[in-house]
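Source file: start36.txt. Holds: compact mmCIF, C-alpha atoms.
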# COMPACT_ATOMS: atom_id res chain seq x y z
CA MET A 1 -27.88 -0.73 2.18
CA GLY A 2 -25.80 2.45 2.47
CA PHE A 3 -22.07 2.07 2.93
CA LYS A 4 -22.01 3.91 6.24
CA CYS A 5 -24.61 1.46 7.52
CA PHE A 6 -22.76 -1.52 6.16
CA LEU A 7 -19.38 -0.77 7.77
CA PRO A 8 -20.53 -1.02 11.41
CA LEU A 9 -22.39 -4.24 10.60
CA LEU A 10 -19.29 -5.71 8.99
CA LEU A 11 -17.22 -4.82 12.05
CA LEU A 12 -19.79 -6.33 14.38
CA TRP A 13 -19.90 -9.51 12.30
CA LEU A 14 -16.13 -9.85 12.27
CA ILE A 15 -15.71 -9.10 15.97
CA THR A 16 -18.48 -11.42 17.22
CA ASP A 17 -17.49 -14.25 14.91
CA CYS A 18 -13.73 -13.79 15.01
CA ALA A 19 -13.14 -17.35 16.19
CA SER A 20 -14.21 -18.68 12.81
CA ARG A 21 -12.09 -16.12 10.93
CA PRO A 22 -14.62 -15.48 8.13
CA LEU A 23 -13.36 -14.58 4.70
CA TYR A 24 -14.43 -11.28 3.22
CA ARG A 25 -16.99 -12.16 0.56
CA LEU A 26 -15.95 -12.15 -3.09
CA PRO A 27 -17.56 -9.54 -5.38
CA SER A 28 -21.29 -9.52 -4.85
CA ALA A 29 -23.93 -9.58 -7.52
CA ALA A 30 -25.55 -6.55 -5.94
CA ASN A 31 -26.22 -3.82 -8.45
CA HIS A 32 -24.93 -0.56 -7.06
CA GLY A 33 -26.21 1.25 -10.16
CA THR A 34 -24.03 3.83 -11.80
CA LYS A 35 -21.12 4.49 -9.51
CA LYS A 36 -19.61 7.91 -8.92
CA PRO A 37 -16.37 7.93 -10.94
CA LEU A 38 -12.86 8.27 -9.58
CA GLN A 39 -11.87 11.88 -9.05
CA THR A 40 -8.94 12.82 -11.29
CA THR A 41 -8.79 16.59 -10.85
CA ARG A 42 -6.60 16.78 -7.74
CA PRO A 43 -3.73 14.76 -6.25
CA TYR A 44 -4.70 11.24 -5.25
CA ASN A 45 -5.55 10.28 -1.68
CA LEU A 46 -3.74 6.94 -1.35
CA ALA A 47 -4.85 4.91 1.68
CA HIS A 48 -1.58 3.42 2.90
CA ARG A 49 -2.43 -0.15 4.01
CA GLY A 50 -5.98 1.13 4.45
CA SER A 51 -6.93 3.53 7.20
CA ASN A 52 -4.32 1.94 9.41
CA GLY A 53 -4.16 4.89 11.77
CA GLU A 54 -7.48 3.54 13.06
CA PHE A 55 -7.54 -0.21 12.36
CA PRO A 56 -4.80 -2.86 12.08
CA GLU A 57 -3.11 -2.46 8.72
CA GLU A 58 -4.21 -4.35 5.60
CA THR A 59 -7.39 -5.73 7.16
CA ALA A 60 -10.88 -5.55 5.68
CA PRO A 61 -12.05 -2.92 8.21
CA ALA A 62 -8.99 -0.74 7.48
CA TYR A 63 -9.80 -0.75 3.77
CA MET A 64 -13.53 -0.25 4.21
CA ARG A 65 -12.90 2.62 6.60
CA ALA A 66 -10.54 4.23 4.09
CA ILE A 67 -13.21 4.01 1.39
CA GLU A 68 -15.78 5.55 3.74
CA GLU A 69 -13.33 8.37 4.51
CA GLY A 70 -12.80 9.27 0.86
CA ALA A 71 -9.73 7.37 -0.36
CA ASP A 72 -9.18 7.44 -4.11
CA PHE A 73 -7.04 4.29 -3.97
CA ILE A 74 -6.54 1.65 -1.30
CA GLU A 75 -2.95 0.43 -1.12
CA THR A 76 -1.68 -3.01 -0.16
CA ASP A 77 1.41 -5.22 -0.15
CA ILE A 78 1.18 -8.63 -1.77
CA LEU A 79 3.09 -11.61 -0.42
CA SER A 80 2.46 -15.35 -0.61
CA SER A 81 1.52 -18.17 1.73
CA LYS A 82 3.37 -21.49 1.74
CA ASP A 83 0.75 -22.97 -0.58
CA GLY A 84 1.05 -20.17 -3.10
CA VAL A 85 -2.00 -18.09 -2.22
CA LEU A 86 -1.40 -14.35 -2.60
CA ILE A 87 -2.12 -12.44 0.61
CA CYS A 88 -2.13 -8.86 1.85
CA HIS A 89 0.63 -8.34 4.39
CA HIS A 90 3.44 -5.81 4.56
CA ASP A 91 6.23 -7.69 6.34
CA VAL A 92 7.61 -11.01 5.13
CA ASN A 93 7.40 -12.09 8.75
CA LEU A 94 4.36 -12.09 11.01
CA ASP A 95 5.89 -10.97 14.27
CA ASP A 96 5.05 -7.26 14.43
CA THR A 97 1.51 -7.14 13.05
CA THR A 98 -0.17 -10.41 14.08
CA ASP A 99 -0.76 -12.36 17.29
CA ILE A 100 1.53 -15.19 16.14
CA ALA A 101 3.30 -15.10 19.52
CA ASP A 102 0.08 -16.24 21.19
CA HIS A 103 -0.21 -19.31 18.96
CA LYS A 104 1.91 -21.90 20.74
CA GLU A 105 0.98 -24.51 18.14
CA PHE A 106 3.26 -22.65 15.72
CA ALA A 107 6.22 -22.19 18.10
CA ASP A 108 8.42 -24.51 16.03
CA ARG A 109 7.93 -22.45 12.85
CA LYS A 110 10.46 -19.76 13.75
CA ARG A 111 13.09 -19.47 11.04
CA THR A 112 16.00 -17.29 9.93
CA TYR A 113 16.11 -16.13 6.32
CA GLN A 114 18.20 -13.69 4.39
CA VAL A 115 15.97 -10.91 3.11
CA GLN A 116 17.41 -8.00 1.15
CA GLY A 117 20.91 -8.85 2.33
CA MET A 118 20.01 -9.09 6.02
CA ASN A 119 19.37 -12.08 8.26
CA LEU A 120 15.87 -11.91 9.73
CA THR A 121 14.54 -14.27 12.39
CA GLY A 122 10.86 -14.76 13.02
CA PHE A 123 7.70 -16.37 11.69
CA PHE A 124 7.40 -15.96 7.93
CA THR A 125 4.32 -16.02 5.72
CA VAL A 126 6.01 -18.51 3.39
CA ASP A 127 6.07 -21.14 6.16
CA PHE A 128 2.29 -21.11 6.71
CA THR A 129 -0.58 -22.28 4.54
CA LEU A 130 -3.46 -19.90 3.96
CA LYS A 131 -5.63 -21.95 6.32
CA GLU A 132 -3.03 -21.51 9.06
CA LEU A 133 -2.59 -17.81 8.36
CA LYS A 134 -6.35 -17.32 8.68
CA THR A 135 -6.18 -18.46 12.32
CA LEU A 136 -4.02 -15.43 13.18
CA GLY A 137 -5.38 -12.05 14.19
CA ALA A 138 -3.92 -8.80 12.94
CA LYS A 139 -2.71 -6.19 15.41
CA GLN A 140 -1.64 -2.57 15.37
CA ARG A 141 1.99 -1.99 14.44
CA TYR A 142 2.42 1.07 16.66
CA PRO A 143 1.72 0.89 20.42
CA PHE A 144 0.52 4.51 20.53
CA ARG A 145 -2.41 3.72 18.22
CA ASP A 146 -5.75 2.19 19.18
CA GLN A 147 -5.21 -1.38 20.40
CA GLN A 148 -8.85 -2.39 20.85
CA TYR A 149 -9.04 -4.31 17.55
CA ASN A 150 -5.93 -6.41 18.08
CA GLY A 151 -6.56 -10.06 17.24
CA LYS A 152 -10.08 -9.47 15.93
CA PHE A 153 -9.51 -9.40 12.16
CA PRO A 154 -7.76 -11.97 9.95
CA ILE A 155 -5.20 -11.59 7.20
CA ILE A 156 -7.01 -11.19 3.89
CA THR A 157 -6.15 -12.52 0.44
CA PHE A 158 -5.42 -10.52 -2.70
CA ASP A 159 -8.83 -11.62 -4.02
CA GLU A 160 -10.59 -10.38 -0.89
CA TYR A 161 -8.83 -7.02 -1.08
CA ILE A 162 -9.89 -6.58 -4.71
CA SER A 163 -13.43 -7.52 -3.73
CA ILE A 164 -13.57 -4.72 -1.18
CA ALA A 165 -12.66 -2.18 -3.87
CA LEU A 166 -15.08 -3.61 -6.42
CA ASP A 167 -17.95 -3.67 -3.92
CA ALA A 168 -17.48 -0.03 -2.92
CA PRO A 169 -20.43 2.25 -3.65
CA ARG A 170 -18.22 4.45 -5.85
CA VAL A 171 -15.25 3.74 -8.09
CA VAL A 172 -12.22 3.12 -5.86
CA GLY A 173 -8.81 2.25 -7.25
CA ILE A 174 -6.40 -0.39 -6.01
CA TYR A 175 -2.67 0.11 -5.53
CA PRO A 176 -1.05 -3.31 -4.89
CA GLU A 177 2.69 -3.76 -4.40
CA ILE A 178 4.72 -6.71 -5.66
CA LYS A 179 6.43 -7.11 -2.28
CA ASN A 180 9.85 -8.71 -1.78
CA PRO A 181 9.69 -10.63 -5.09
CA VAL A 182 13.24 -11.97 -4.86
CA PHE A 183 12.52 -13.61 -1.49
CA ILE A 184 9.07 -14.90 -2.50
CA ASN A 185 10.36 -16.44 -5.73
CA GLN A 186 13.13 -18.17 -3.76
CA GLN A 187 10.76 -19.69 -1.21
CA VAL A 188 7.50 -20.40 -3.07
CA LYS A 189 7.18 -22.40 -6.29
CA TRP A 190 4.17 -22.47 -8.59
CA GLU A 191 3.13 -24.87 -11.34
CA ASP A 192 4.54 -24.53 -14.86
CA GLY A 193 7.50 -22.55 -13.60
CA LYS A 194 5.42 -19.43 -13.06
CA LYS A 195 6.83 -16.63 -10.95
CA PHE A 196 5.30 -14.58 -8.18
CA GLU A 197 4.87 -11.71 -10.63
CA ASP A 198 2.95 -13.97 -13.05
CA LYS A 199 0.48 -15.02 -10.34
CA PHE A 200 0.09 -11.37 -9.37
CA VAL A 201 -0.89 -10.38 -12.92
CA GLU A 202 -3.16 -13.41 -13.32
CA THR A 203 -5.15 -12.28 -10.28
CA LEU A 204 -5.60 -8.80 -11.71
CA GLU A 205 -6.68 -10.19 -15.08
CA LYS A 206 -9.25 -12.42 -13.38
CA TYR A 207 -11.03 -9.31 -12.12
CA GLY A 208 -10.70 -7.31 -15.32
CA TYR A 209 -7.98 -4.85 -14.39
CA LYS A 210 -6.42 -3.59 -17.60
CA GLY A 211 -5.79 -0.50 -19.66
CA ALA A 212 -3.30 2.34 -19.83
CA TYR A 213 -3.57 5.26 -17.44
CA MET A 214 -6.76 7.28 -18.01
CA SER A 215 -8.06 4.85 -20.63
CA GLU A 216 -11.74 3.88 -20.53
CA ASP A 217 -10.86 0.47 -19.08
CA TRP A 218 -8.61 2.03 -16.45
CA LEU A 219 -11.22 4.53 -15.32
CA LYS A 220 -13.71 1.70 -14.77
CA LYS A 221 -11.24 -0.23 -12.59
CA PRO A 222 -8.37 2.10 -11.65
CA ILE A 223 -5.07 0.57 -10.62
CA PHE A 224 -1.43 1.41 -10.04
CA ILE A 225 0.99 -1.52 -9.72
CA GLN A 226 3.97 -0.68 -7.52
CA SER A 227 7.28 -2.29 -6.64
CA PHE A 228 10.71 -1.48 -5.27
CA ALA A 229 12.07 -4.06 -7.71
CA ALA A 230 12.49 -2.58 -11.17
CA THR A 231 13.02 -6.05 -12.64
CA SER A 232 9.51 -7.04 -11.52
CA LEU A 233 7.98 -4.06 -13.30
CA VAL A 234 9.97 -4.86 -16.43
CA HIS A 235 8.93 -8.53 -16.22
CA ILE A 236 5.22 -7.73 -16.17
CA SER A 237 5.43 -4.93 -18.74
CA ASN A 238 4.55 -7.30 -21.60
CA LYS A 239 1.83 -9.01 -19.54
CA THR A 240 -0.27 -6.00 -18.55
CA ASP A 241 -0.61 -2.42 -19.71
CA SER A 242 -1.87 -1.26 -16.32
CA PRO A 243 0.18 1.72 -15.05
CA LYS A 244 3.19 0.96 -12.91
CA VAL A 245 4.99 2.98 -10.23
CA PHE A 246 8.62 2.45 -9.25
CA LEU A 247 9.15 2.79 -5.51
CA ILE A 248 12.26 4.51 -4.16
CA ASP A 249 13.70 4.07 -0.68
CA ASP A 250 16.39 5.99 1.20
CA VAL A 251 19.21 6.79 -1.24
CA THR A 252 21.77 4.77 0.74
CA ILE A 253 19.79 1.49 0.65
CA LEU A 254 20.51 -1.21 -1.93
CA THR A 255 17.72 -2.46 -4.16
CA GLU A 256 16.79 -6.08 -3.57
CA ASP A 257 16.98 -7.08 -7.23
CA THR A 258 19.81 -5.08 -8.84
CA ASN A 259 22.06 -4.27 -5.86
CA LYS A 260 22.13 -0.63 -6.89
CA THR A 261 21.63 2.20 -4.43
CA TYR A 262 18.51 4.26 -4.78
CA GLU A 263 20.83 7.23 -5.29
CA GLU A 264 21.97 5.55 -8.51
CA ILE A 265 18.43 4.86 -9.63
CA THR A 266 17.29 8.43 -9.10
CA SER A 267 19.85 9.59 -11.67
CA ASP A 268 18.68 11.14 -14.93
CA ALA A 269 19.89 8.10 -16.83
CA TYR A 270 17.88 5.69 -14.69
CA LEU A 271 14.75 7.83 -14.78
CA ASP A 272 15.05 7.82 -18.57
CA TYR A 273 15.25 4.03 -18.42
CA ILE A 274 12.39 3.39 -15.99
CA LYS A 275 9.97 5.75 -17.76
CA GLN A 276 9.75 3.13 -20.50
CA TYR A 277 8.00 0.83 -18.02
CA ALA A 278 6.46 3.10 -15.37
CA ILE A 279 4.27 6.17 -15.32
CA GLY A 280 5.47 7.31 -11.94
CA ILE A 281 7.80 7.00 -8.97
CA GLY A 282 6.93 6.51 -5.31
CA PRO A 283 9.81 7.92 -3.24
CA TRP A 284 10.23 7.96 0.50
CA LYS A 285 9.43 11.59 1.28
CA ASP A 286 12.84 12.21 2.89
CA THR A 287 14.42 11.31 -0.45
CA ILE A 288 12.62 14.31 -1.94
CA VAL A 289 13.17 16.69 0.98
CA PRO A 290 16.06 15.60 3.24
CA VAL A 291 15.62 15.92 7.00
CA ASN A 292 18.21 16.82 9.62
CA ASN A 293 17.34 16.71 13.34
CA ASN A 294 13.66 16.50 12.39
CA ARG A 295 13.87 19.70 10.34
CA LEU A 296 13.26 19.88 6.60
CA MET A 297 16.27 20.83 4.53
CA THR A 298 16.43 22.21 0.98
CA PRO A 299 14.27 20.10 -1.37
CA THR A 300 16.03 18.08 -4.05
CA ASP A 301 15.13 18.43 -7.71
CA LEU A 302 13.74 14.87 -7.89
CA VAL A 303 10.11 15.98 -8.39
CA ALA A 304 11.07 18.43 -11.14
CA ARG A 305 13.21 15.83 -12.91
CA ALA A 306 10.42 13.25 -12.69
CA HIS A 307 7.79 15.67 -13.96
CA SER A 308 10.02 16.68 -16.86
CA ARG A 309 9.79 13.03 -17.95
CA ASN A 310 6.01 12.89 -17.43
CA LEU A 311 6.45 10.69 -14.38
CA GLN A 312 3.98 11.15 -11.54
CA VAL A 313 5.33 11.40 -7.99
CA HIS A 314 3.53 9.61 -5.13
CA PRO A 315 5.66 9.93 -1.95
CA TYR A 316 5.19 7.99 1.29
CA THR A 317 4.25 7.97 4.19
CA TYR A 318 2.18 10.73 5.82
CA ARG A 319 1.19 10.13 9.43
CA ASN A 320 -0.59 12.53 11.75
CA GLU A 321 1.12 11.73 15.02
CA ASN A 322 3.69 14.13 16.43
CA GLN A 323 6.36 11.43 16.21
CA PHE A 324 6.17 11.72 12.42
CA LEU A 325 5.54 15.44 11.87
CA HIS A 326 8.64 17.55 11.32
CA PHE A 327 9.17 20.63 13.48
CA GLY A 328 8.24 23.11 10.75
CA PHE A 329 4.69 21.80 10.62
CA TYR A 330 4.01 22.67 14.28
CA GLN A 331 2.16 19.39 14.94
CA ASP A 332 -0.37 20.28 12.22
CA ALA A 333 -0.97 17.60 9.57
CA TYR A 334 -2.78 20.12 7.35
CA LEU A 335 0.41 22.19 7.13
CA GLU A 336 2.29 19.10 6.01
CA TYR A 337 -0.30 18.30 3.34
CA ASP A 338 -0.22 21.91 2.14
CA TYR A 339 3.57 21.89 1.87
CA TRP A 340 3.73 18.70 -0.16
CA LEU A 341 0.75 19.26 -2.40
CA ASN A 342 1.14 22.97 -3.10
CA LYS A 343 4.82 23.78 -2.64
CA ILE A 344 6.54 20.55 -3.66
CA GLY A 345 3.74 19.73 -6.11
CA VAL A 346 3.39 15.96 -5.86
CA ASP A 347 0.62 14.01 -7.57
CA GLY A 348 -0.62 11.89 -4.67
CA LEU A 349 0.16 11.08 -1.03
CA PHE A 350 0.31 7.74 0.78
CA THR A 351 -1.29 8.41 4.15
CA ASP A 352 -2.21 6.36 7.21
CA PHE A 353 -5.02 8.84 7.90
CA THR A 354 -7.21 8.92 4.82
CA GLY A 355 -9.96 10.97 6.41
CA SER A 356 -7.58 13.70 7.48
CA LEU A 357 -6.18 14.14 3.97
CA HIS A 358 -9.67 14.01 2.45
CA ASN A 359 -10.95 16.67 4.85
CA TYR A 360 -7.99 18.91 4.03
CA GLN A 361 -8.56 18.57 0.29
CA GLU A 362 -12.29 19.22 0.64
CA LEU A 363 -11.63 22.30 2.78
CA ARG A 364 -9.11 23.69 0.32
CA SER A 365 -11.47 23.05 -2.60
CA SER A 366 -14.25 24.86 -0.76
CA LEU A 367 -12.02 27.85 -0.01
CA SER A 368 -10.83 28.00 -3.62
CA GLN A 369 -14.41 28.11 -4.86
CA GLN A 370 -15.21 31.00 -2.53
CA GLN A 371 -12.36 33.14 -3.86
How does the structure come out when it is put into structure tokens?
Amino acid sequence: MGFKCFLPLLLLWLITDCASRPLYRLPSAANHGTKKPLQTTRPYNLAHRGSNGEFPEETAPAYMRAIEEGADFIETDILSSKDGVLICHHDVNLDDTTDIADHKEFADRKRTYQVQGMNLTGFFTVDFTLKELKTLGAKQRYPFRDQQYNGKFPIITFDEYISIALDAPRVVGIYPEIKNPVFINQQVKWEDGKKFEDKFVETLEKYGYKGAYMSEDWLKKPIFIQSFAATSLVHISNKTDSPKVFLIDDVTILTEDTNKTYEEITSDAYLDYIKQYAIGIGPWKDTIVPVNNNRLMTPTDLVARAHSRNLQVHPYTYRNENQFLHFGFYQDAYLEYDYWLNKIGVDGLFTDFTGSLHNYQELRSSLSQQQ
């Protein structure tokens, strides 16, 4: 069955049977034959939480849509349930992207935790078993995006996310984040004293993810492991040789694990340190090119300094809506892509609109061939 035929059927199955909250199947035995390999000749199209401009983020349909639209990698955030099952969900709480508020049976689960130095109140993944989490429906984060799928698709597990990539009709990479590891390790305990990061690597090993960047093993099952916590990347460095990317937030924010500002960890000395463990950095795009009153200012030298150390640069997040496009791009997402890929010279973009970036790259490739 062709992929384009399969996607609508999957959506129909999930929508009509949403009450039972079916799991996405684990890797099938279907023989897709020789798959088209990952493209490695142009900057990577990184599907940020799937094609979440169209579907609720980090759901099976969002990832399958991103694959259909041409994503090179599908990106996710890994957290844990109360019973230690690794799940795909961006926020440590469930309030903004699920229908938890409609589930009165869980009303007494509201808690307040300290997360990255701030007190947060809400419903947290670590207070629900996987079975309980599967009764929730995902919903769109932004009210100005399509709301028709709210509540129709469940939270998926790390295993299910990997299965979607492995069952794609071409080679598609995964880009999982070790999310909020300090908080998860405080709240969830595993057997034999294992840490969140250990369970994360064990899951990848179970599905055969291994190999240095561009190695034969890596090209068969491409992966980037990402985290804002440098200590997590260091911890797993002797457990897996899969390539790692160090995420960078606004320069004024403190890291959750070292209490340093991201300004400190974008210094030459820190880049020299992290390059021992990572092959790239994933900065917030405003850290590369500061913004004032929604206008781009003079770019920093962060990309040049990273490239001089053979570190790739994968900034985030690119969104097509006018609320997110700076004035100089005149409400044209293609102008933004062109600026970042061809003027700033980054190596990949995290986008909510995978199809838009893919279409831009295909158009530019076609024009280049005609010249």
(request) For region 310-327 of chain A, work out the shell of residues within 8 Å, counting only C-alpha atoms and skipping chain neighbours fewer than 5 positions away, then give it as a PyMOL selection string. (result) chain A and resi 48+53+275+278-285+294-296+303+332-333+336+346-353
Who sits within 12 Å of Glu216 (chain A), only C-alpha atoms, same chain under 6 positions skipped, as a short mmCIF file (atom, residue, chain, number, x, y, z; two decimals) with C-alpha atoms, in the coordinates of the input:
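part17.cif written:
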data_model
loop_
_atom_site.label_atom_id
_atom_site.label_comp_id
_atom_site.auth_asym_id
_atom_site.auth_seq_id
_atom_site.Cartn_x
_atom_site.Cartn_y
_atom_site.Cartn_z
CA PRO A 37 -16.37 7.93 -10.94
CA LEU A 38 -12.86 8.27 -9.58
CA TYR A 209 -7.98 -4.85 -14.39
CA LYS A 210 -6.42 -3.59 -17.60
CA PRO A 222 -8.37 2.10 -11.65
CA SER A 242 -1.87 -1.26 -16.32
#
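Closest approach to Val188 (chain A) from the set A:Ile162, A:Leu86, A:Ala62, A:Ile236 is made by A:Leu86, with distances taken over all atoms listed in the file.
For the residues A:Trp190, A:Phe144, A:Phe224, A:Tyr149, ranking by smallest atom-to-atom distance to Leu247 (chain A) using only C-alpha atoms places A:Phe224 first.
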Tell me, as a short mmCIF file (atom, residue, chain, number, x, y, z; two decimals) with C-alpha atoms, in the coordinates of the input, which residues lie within 12 Å of Glu264 (chain A), counting only C-alpha atoms; anything in the same chain fewer than 4 positions away does not count.
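Once everything was written out, this is part_15.cif:
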data_model
loop_
_atom_site.label_atom_id
_atom_site.label_comp_id
_atom_site.auth_asym_id
_atom_site.auth_seq_id
_atom_site.Cartn_x
_atom_site.Cartn_y
_atom_site.Cartn_z
CA ILE A 248 12.26 4.51 -4.16
CA ASP A 249 13.70 4.07 -0.68
CA ASP A 250 16.39 5.99 1.20
CA VAL A 251 19.21 6.79 -1.24
CA THR A 252 21.77 4.77 0.74
CA ILE A 253 19.79 1.49 0.65
CA LEU A 254 20.51 -1.21 -1.93
CA THR A 255 17.72 -2.46 -4.16
CA THR A 258 19.81 -5.08 -8.84
CA ASN A 259 22.06 -4.27 -5.86
CA LYS A 260 22.13 -0.63 -6.89
CA ASP A 268 18.68 11.14 -14.93
CA ALA A 269 19.89 8.10 -16.83
CA TYR A 270 17.88 5.69 -14.69
CA LEU A 271 14.75 7.83 -14.78
#
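Candidate residues A:Ser51, A:Thr59, A:Asn45, A:Asn119 were compared for distance to Pro154 (chain A), and the nearest is A:Thr59, using all atoms listed in the file.
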(message) Need to verify the contact set: Glu57 (chain A), 10 Å, all atoms listed in the file, exclusion of same-chain residues closer than 4 positions in sequence. Can you return it as a PyMOL selection string?
(response) chain A and resi 48-53+61-63+76+88-90+97+138-141+155+352
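Considering all atoms listed in the file, the residue among A:Pro181, A:Pro176, A:Gly193, A:Gly70 positioned nearest to Pro243 (chain A) is A:Pro176.
Take CA of Asp127 (chain A) and CA of Lys82 (chain A): the distance between them is 5.2 Å.
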Complete the atom set of region 282-300 of chain A to N, CA and C atoms and return it as a PDB file, keeping the file's coordinate frame.
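So rebuild_5.pdb came out as:
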ATOM      1  N   GLY A 282       7.466   6.389  -6.660  1.00  0.00           N
ATOM      2  CA  GLY A 282       6.930   6.510  -5.310  1.00  0.00           C
ATOM      3  C   GLY A 282       8.072   6.605  -4.319  1.00  0.00           C
ATOM      4  N   PRO A 283       8.642   7.792  -4.129  1.00  0.00           N
ATOM      5  CA  PRO A 283       9.810   7.920  -3.240  1.00  0.00           C
ATOM      6  C   PRO A 283       9.424   8.066  -1.768  1.00  0.00           C
ATOM      7  N   TRP A 284      10.319   7.586  -0.909  1.00  0.00           N
ATOM      8  CA  TRP A 284      10.230   7.960   0.500  1.00  0.00           C
ATOM      9  C   TRP A 284      10.332   9.476   0.543  1.00  0.00           C
ATOM     10  N   LYS A 285       9.504  10.137   1.331  1.00  0.00           N
ATOM     11  CA  LYS A 285       9.430  11.590   1.280  1.00  0.00           C
ATOM     12  C   LYS A 285      10.753  12.270   1.655  1.00  0.00           C
ATOM     13  N   ASP A 286      11.551  11.609   2.527  1.00  0.00           N
ATOM     14  CA  ASP A 286      12.840  12.210   2.890  1.00  0.00           C
ATOM     15  C   ASP A 286      13.853  12.143   1.751  1.00  0.00           C
ATOM     16  N   THR A 287      13.566  11.331   0.734  1.00  0.00           N
ATOM     17  CA  THR A 287      14.420  11.310  -0.450  1.00  0.00           C
ATOM     18  C   THR A 287      14.165  12.552  -1.302  1.00  0.00           C
ATOM     19  N   ILE A 288      12.954  13.087  -1.211  1.00  0.00           N
ATOM     20  CA  ILE A 288      12.620  14.310  -1.940  1.00  0.00           C
ATOM     21  C   ILE A 288      13.073  15.547  -1.172  1.00  0.00           C
ATOM     22  N   VAL A 289      12.760  15.570   0.112  1.00  0.00           N
ATOM     23  CA  VAL A 289      13.170  16.690   0.980  1.00  0.00           C
ATOM     24  C   VAL A 289      13.934  16.102   2.160  1.00  0.00           C
ATOM     25  N   PRO A 290      15.262  16.175   2.143  1.00  0.00           N
ATOM     26  CA  PRO A 290      16.060  15.600   3.240  1.00  0.00           C
ATOM     27  C   PRO A 290      15.706  16.242   4.585  1.00  0.00           C
ATOM     28  N   VAL A 291      15.940  15.473   5.645  1.00  0.00           N
ATOM     29  CA  VAL A 291      15.620  15.920   7.000  1.00  0.00           C
ATOM     30  C   VAL A 291      16.872  15.818   7.858  1.00  0.00           C
ATOM     31  N   ASN A 292      17.090  16.827   8.677  1.00  0.00           N
ATOM     32  CA  ASN A 292      18.210  16.820   9.620  1.00  0.00           C
ATOM     33  C   ASN A 292      17.680  17.266  10.978  1.00  0.00           C
ATOM     34  N   ASN A 293      17.839  16.405  11.995  1.00  0.00           N
ATOM     35  CA  ASN A 293      17.340  16.710  13.340  1.00  0.00           C
ATOM     36  C   ASN A 293      15.860  17.092  13.313  1.00  0.00           C
ATOM     37  N   ASN A 294      15.111  16.342  12.518  1.00  0.00           N
ATOM     38  CA  ASN A 294      13.660  16.500  12.390  1.00  0.00           C
ATOM     39  C   ASN A 294      13.249  17.822  11.738  1.00  0.00           C
ATOM     40  N   ARG A 295      14.190  18.475  11.066  1.00  0.00           N
ATOM     41  CA  ARG A 295      13.870  19.700  10.340  1.00  0.00           C
ATOM     42  C   ARG A 295      14.081  19.471   8.847  1.00  0.00           C
ATOM     43  N   LEU A 296      13.146  20.004   8.050  1.00  0.00           N
ATOM     44  CA  LEU A 296      13.260  19.880   6.600  1.00  0.00           C
ATOM     45  C   LEU A 296      14.429  20.707   6.095  1.00  0.00           C
ATOM     46  N   MET A 297      15.167  20.121   5.171  1.00  0.00           N
ATOM     47  CA  MET A 297      16.270  20.830   4.530  1.00  0.00           C
ATOM     48  C   MET A 297      15.827  21.302   3.145  1.00  0.00           C
ATOM     49  N   THR A 298      16.759  21.733   2.327  1.00  0.00           N
ATOM     50  CA  THR A 298      16.430  22.210   0.980  1.00  0.00           C
ATOM     51  C   THR A 298      15.935  21.046   0.124  1.00  0.00           C
ATOM     52  N   PRO A 299      14.776  21.188  -0.519  1.00  0.00           N
ATOM     53  CA  PRO A 299      14.270  20.100  -1.370  1.00  0.00           C
ATOM     54  C   PRO A 299      15.234  19.770  -2.502  1.00  0.00           C
ATOM     55  N   THR A 300      15.269  18.499  -2.872  1.00  0.00           N
ATOM     56  CA  THR A 300      16.030  18.080  -4.050  1.00  0.00           C
ATOM     57  C   THR A 300      15.237  18.441  -5.305  1.00  0.00           C
TER      58      THR A 300
END
